[in-house]
Amino acid sequence: FLCAFAPNRFPTHRPAMAADISKIRNIGIIAHIDAGKTTVTERMLYLSGAKHRVGRVDHGTTDTDDDPEEQERGITIFSACVKYAWGDYNVNLLDTPGHVDFTAEVERCLRVLDGAVVVFSAREGVEAQSETVWRQADRYEVPRIVFINKMDREGASFETVFNDIGPRLGGRPVAVELPVGEGPAHVDNPFRGVIDLVDMKLLQFDPETEGKQVTETDLPDELADDAAIWREQMLEAVYEISEDAMSLAMEDKEVPRDVILAALRKGCLDRTIQPVFCGSALHGIGVQPLMTGVGNFLPSPLDRPAVEGHDPKKPDKTLSRNPDPKEPFCGLVFKILPAKTGDNYWIRIYSGELKQNSRVQCPNRDKKENVAQIWQIHATKKDRDGQVDSVGAGDICCVIGPRFAITGDTVCDTKELIELPSIKFAETVLSMA
Ligand code: GDP
């Protein structure tokens with residue numbers, strides 16, 4: 001019997017071919033600078049088995065901070081996309097920049113991801129830029145889960161951050177976890193684990209294994225009362241979302257965990273709630289449950305609405321594409337990185353299939369583009385030799401060969417043309433001012 005957020009016991013080292021679209025998660029981690037976005041990313045890659053050491057931001061050794069300028073400034077400027085596997089899920093993790101100057105970069109990521117993890121610092125709480133990124137995610141209707149990080153810091157307060165999310169961000173946080181203790185080792189009641197409120201289990205993370213080893217036990221009496229109160233709050237949200245859960249509660253019956261999880265997932269996808277997790281990314285506490293939460297609660301490409309665009313030849317004619325490999329190919333170029341061996345075109349595929357050695361249309365430039373090589377980029381440098389023959393709907397890949405498209409352009413089937421709305425940088429940046 002698996003605990004709701006129990007670690008995946010058998011993580012595969014390499015993501016399998018992403019054939020099952022329902023198991024793809026295209027996610028970004030968004031946060032105020034310094035909340036711990038890069039540290040959370042590093043920890044996820046490490047725990048998934050994709051990396052064998054934990055990079056430290058402070059040492060300039062992270063995988064997502066690849067650019068020398070990034071390392072020098074200690075902040076993430078560019079959003080690269082790394083892939084990892086967790087249980088059945090193939091996750092494309094887009095690293096979004098956390099610095100306010102790069103808001104346009106955050107916007108372009110939000111366009112192509114399906115769900116987000118919002119990281120807050122338990123010490124600093126909801127900060128000015130958390131509001132900016134939260135509003136951006138609202139604008140792009142991105143479902144999200146919350147990670148309250150740095151629970152090990154002096155002055156950390158889970159409740160303060162939790163209680164701020166409603167009034168300051170207009171969110172509806174629902175705690176699915178509770179911290180055990182708060183603050184560093186020398187305080188009276190230091191942070192040392194998390195309570196899973198769905199299964200009412202205590203999860204403890206072994207520091208010797210950087211959080212890989214997790215022990216799951218029944219709740220000790222001294223934690224049970226507080227946990228029961230928070231669980232009741234979680235169930236209130238579940239009753240609002242799920243009629244099944246409500247009728248069971250009316251009959252005084254226990255609501256099964258799959259009903260609870262399904263209701264929380266529905267609420268998250270509808271953006272009426274945001275499930276809240278907590279931990280310390282630095283010490284590897286609470287990150288495995290968060291990763292399981294990404295699979296449990298955040299949408300797959302199938303859960304997102306069809307993309308809409310227009311016929312480039314008849315601008316009045318709207319067209320839509322579903323995340324179906326049988327539909328004509330269409331995708332969006334969301335990032336171009338210069339490279340000696342041919343520029344890297346990062347593409348989110350919305351429909352159809354992209355095949356190596358094929359040609360696609362770029363309607364924005366009225367040009368045909370070559371798809372010479374397709375790469376799926378994995379978390380480790382070693383794994384990066386991930387050249388593939390084709391990539392299907394819902395996935396993200398890197399293509400070498402195109403020459404004309406610019407960021408925000410559509411690429412599509414050469415016969416079944418569609419032009420998706422472009423990414424409007426200037427407008428969004430101005431409206432933020
Ligand atoms: P980003 O700017 O959001 O990417 O944040 P970073 O991941 O670069 O983290 C900012 C600083 O906070 C770094 O010095 C991290 O080592 C530190 N940090 C991140 N997570 C934690 C945590 O859980 N606990 C503590 N004590 N420090 C953390």
# chains A, B, ... in the order shown; residues from 1 in each chain; ligands from 1

call {"tool": "residues_around", "arguments": {"residues": "Ile406 of chain A", "least_positions_apart": "3", "cutoff": "8 Å", "atoms": "only C-alpha atoms", "output": "JSON, numbers by chain"}}
result
{"A": [333, 336, 409]}

call {"tool": "write_last_selection", "arguments": {"atoms": "C-alpha atoms", "output": "PDB file, in the first residue's frame"}}
result
ATOM      1  CA  VAL A 333       9.385  27.543 -31.398  1.00  0.00           C
ATOM      2  CA  ILE A 336      16.552  29.333 -30.065  1.00  0.00           C
ATOM      3  CA  ASP A 409       6.884  31.269 -34.624  1.00  0.00           C
TER       4      ASP A 409
END

call {"tool": "residues_near_ligand", "arguments": {"ligand": "ligand 1", "cutoff": "6 Å", "atoms": "only C-alpha atoms and all ligand atoms", "output": "PyMOL selection string"}}
result
chain A and resi 31+33-39+57-58+75+149-150+152-153+280-282

call {"tool": "write_last_selection", "arguments": {"atoms": "N, CA and C atoms", "output": "PDB file, in the first residue's frame"}}
result
ATOM      1  N   ALA A  31       9.251  31.163  -9.358  1.00  0.00           N
ATOM      2  CA  ALA A  31       9.513  31.633  -8.005  1.00  0.00           C
ATOM      3  C   ALA A  31      10.142  33.013  -8.022  1.00  0.00           C
ATOM      4  N   ILE A  33      13.251  35.290  -7.113  1.00  0.00           N
ATOM      5  CA  ILE A  33      14.679  34.964  -7.083  1.00  0.00           C
ATOM      6  C   ILE A  33      15.094  34.589  -5.657  1.00  0.00           C
ATOM      7  N   ASP A  34      15.895  33.569  -5.536  1.00  0.00           N
ATOM      8  CA  ASP A  34      16.443  33.134  -4.242  1.00  0.00           C
ATOM      9  C   ASP A  34      15.512  32.237  -3.429  1.00  0.00           C
ATOM     10  N   ALA A  35      14.304  31.995  -3.914  1.00  0.00           N
ATOM     11  CA  ALA A  35      13.390  31.127  -3.153  1.00  0.00           C
ATOM     12  C   ALA A  35      13.871  29.681  -3.192  1.00  0.00           C
ATOM     13  N   GLY A  36      14.679  29.357  -4.224  1.00  0.00           N
ATOM     14  CA  GLY A  36      15.249  28.010  -4.264  1.00  0.00           C
ATOM     15  C   GLY A  36      14.871  27.228  -5.497  1.00  0.00           C
ATOM     16  N   LYS A  37      14.482  27.929  -6.548  1.00  0.00           N
ATOM     17  CA  LYS A  37      14.071  27.264  -7.788  1.00  0.00           C
ATOM     18  C   LYS A  37      15.162  26.342  -8.327  1.00  0.00           C
ATOM     19  N   THR A  38      16.378  26.851  -8.410  1.00  0.00           N
ATOM     20  CA  THR A  38      17.468  26.050  -8.961  1.00  0.00           C
ATOM     21  C   THR A  38      17.787  24.864  -8.054  1.00  0.00           C
ATOM     22  N   THR A  39      17.730  25.097  -6.755  1.00  0.00           N
ATOM     23  CA  THR A  39      18.017  24.019  -5.806  1.00  0.00           C
ATOM     24  C   THR A  39      16.944  22.927  -5.891  1.00  0.00           C
ATOM     25  N   VAL A  57      24.069  25.669  -6.399  1.00  0.00           N
ATOM     26  CA  VAL A  57      24.034  26.973  -7.032  1.00  0.00           C
ATOM     27  C   VAL A  57      25.265  27.793  -6.636  1.00  0.00           C
ATOM     28  N   ASP A  58      25.576  27.717  -5.335  1.00  0.00           N
ATOM     29  CA  ASP A  58      26.649  28.552  -4.802  1.00  0.00           C
ATOM     30  C   ASP A  58      28.017  28.169  -5.362  1.00  0.00           C
ATOM     31  N   ILE A  75      22.457  33.482 -11.148  1.00  0.00           N
ATOM     32  CA  ILE A  75      21.019  33.451 -11.367  1.00  0.00           C
ATOM     33  C   ILE A  75      20.740  32.772 -12.694  1.00  0.00           C
ATOM     34  N   ASN A 149       9.485  26.091   0.509  1.00  0.00           N
ATOM     35  CA  ASN A 149      10.867  25.618   0.649  1.00  0.00           C
ATOM     36  C   ASN A 149      11.550  26.277   1.854  1.00  0.00           C
ATOM     37  N   LYS A 150      12.744  25.859   2.122  1.00  0.00           N
ATOM     38  CA  LYS A 150      13.576  26.436   3.197  1.00  0.00           C
ATOM     39  C   LYS A 150      12.930  26.308   4.575  1.00  0.00           C
ATOM     40  N   ASP A 152      13.909  24.628   6.783  1.00  0.00           N
ATOM     41  CA  ASP A 152      15.007  24.463   7.750  1.00  0.00           C
ATOM     42  C   ASP A 152      15.641  25.792   8.149  1.00  0.00           C
ATOM     43  N   ARG A 153      15.163  26.884   7.549  1.00  0.00           N
ATOM     44  CA  ARG A 153      15.799  28.172   7.863  1.00  0.00           C
ATOM     45  C   ARG A 153      15.269  28.747   9.175  1.00  0.00           C
ATOM     46  N   SER A 280      12.659  21.113   2.443  1.00  0.00           N
ATOM     47  CA  SER A 280      13.931  21.806   2.304  1.00  0.00           C
ATOM     48  C   SER A 280      14.667  21.162   1.134  1.00  0.00           C
ATOM     49  N   ALA A 281      14.695  21.903   0.028  1.00  0.00           N
ATOM     50  CA  ALA A 281      15.337  21.356  -1.176  1.00  0.00           C
ATOM     51  C   ALA A 281      16.818  21.141  -0.922  1.00  0.00           C
ATOM     52  N   LEU A 282      17.397  22.036  -0.125  1.00  0.00           N
ATOM     53  CA  LEU A 282      18.836  21.953   0.142  1.00  0.00           C
ATOM     54  C   LEU A 282      19.193  20.632   0.818  1.00  0.00           C
TER      55      LEU A 282
END

call {"tool": "residues_around", "arguments": {"residues": "Arg403 of chain A", "least_positions_apart": "4", "cutoff": "9 Å", "atoms": "only C-alpha atoms", "output": "list in words"}}
result
Asp343, Glu369 and Asn370 of chain A

call {"tool": "select_by_dssp", "arguments": {"residues": "segment 30-271 of chain A", "states": "strand (DSSP E or B)", "output": "MDAnalysis selection string"}}
result
chainID A and resid 30:31 81:86 89:95 115:121 125 144:149 173:175 177:180 193:196 201:205 214:218

call {"tool": "residues_around", "arguments": {"residues": "Ala137 of chain A", "least_positions_apart": "2", "cutoff": "10 Å", "atoms": "only C-alpha atoms", "output": "list in words"}}
result
Ile30, Val106, Glu107, Leu110, Arg111, Gly115, Ala116, Val118, Glu131, Thr132, Val133, Trp134, Arg135, Arg139, Tyr140, Glu141, Val142, Pro143 and Arg144 of chain A

call {"tool": "closest_residue", "arguments": {"among": "A:Lys313, A:Arg123, A:Arg304, A:His186", "to": "Pro363 of chain A", "atoms": "only C-alpha atoms"}}
result
A:Lys313
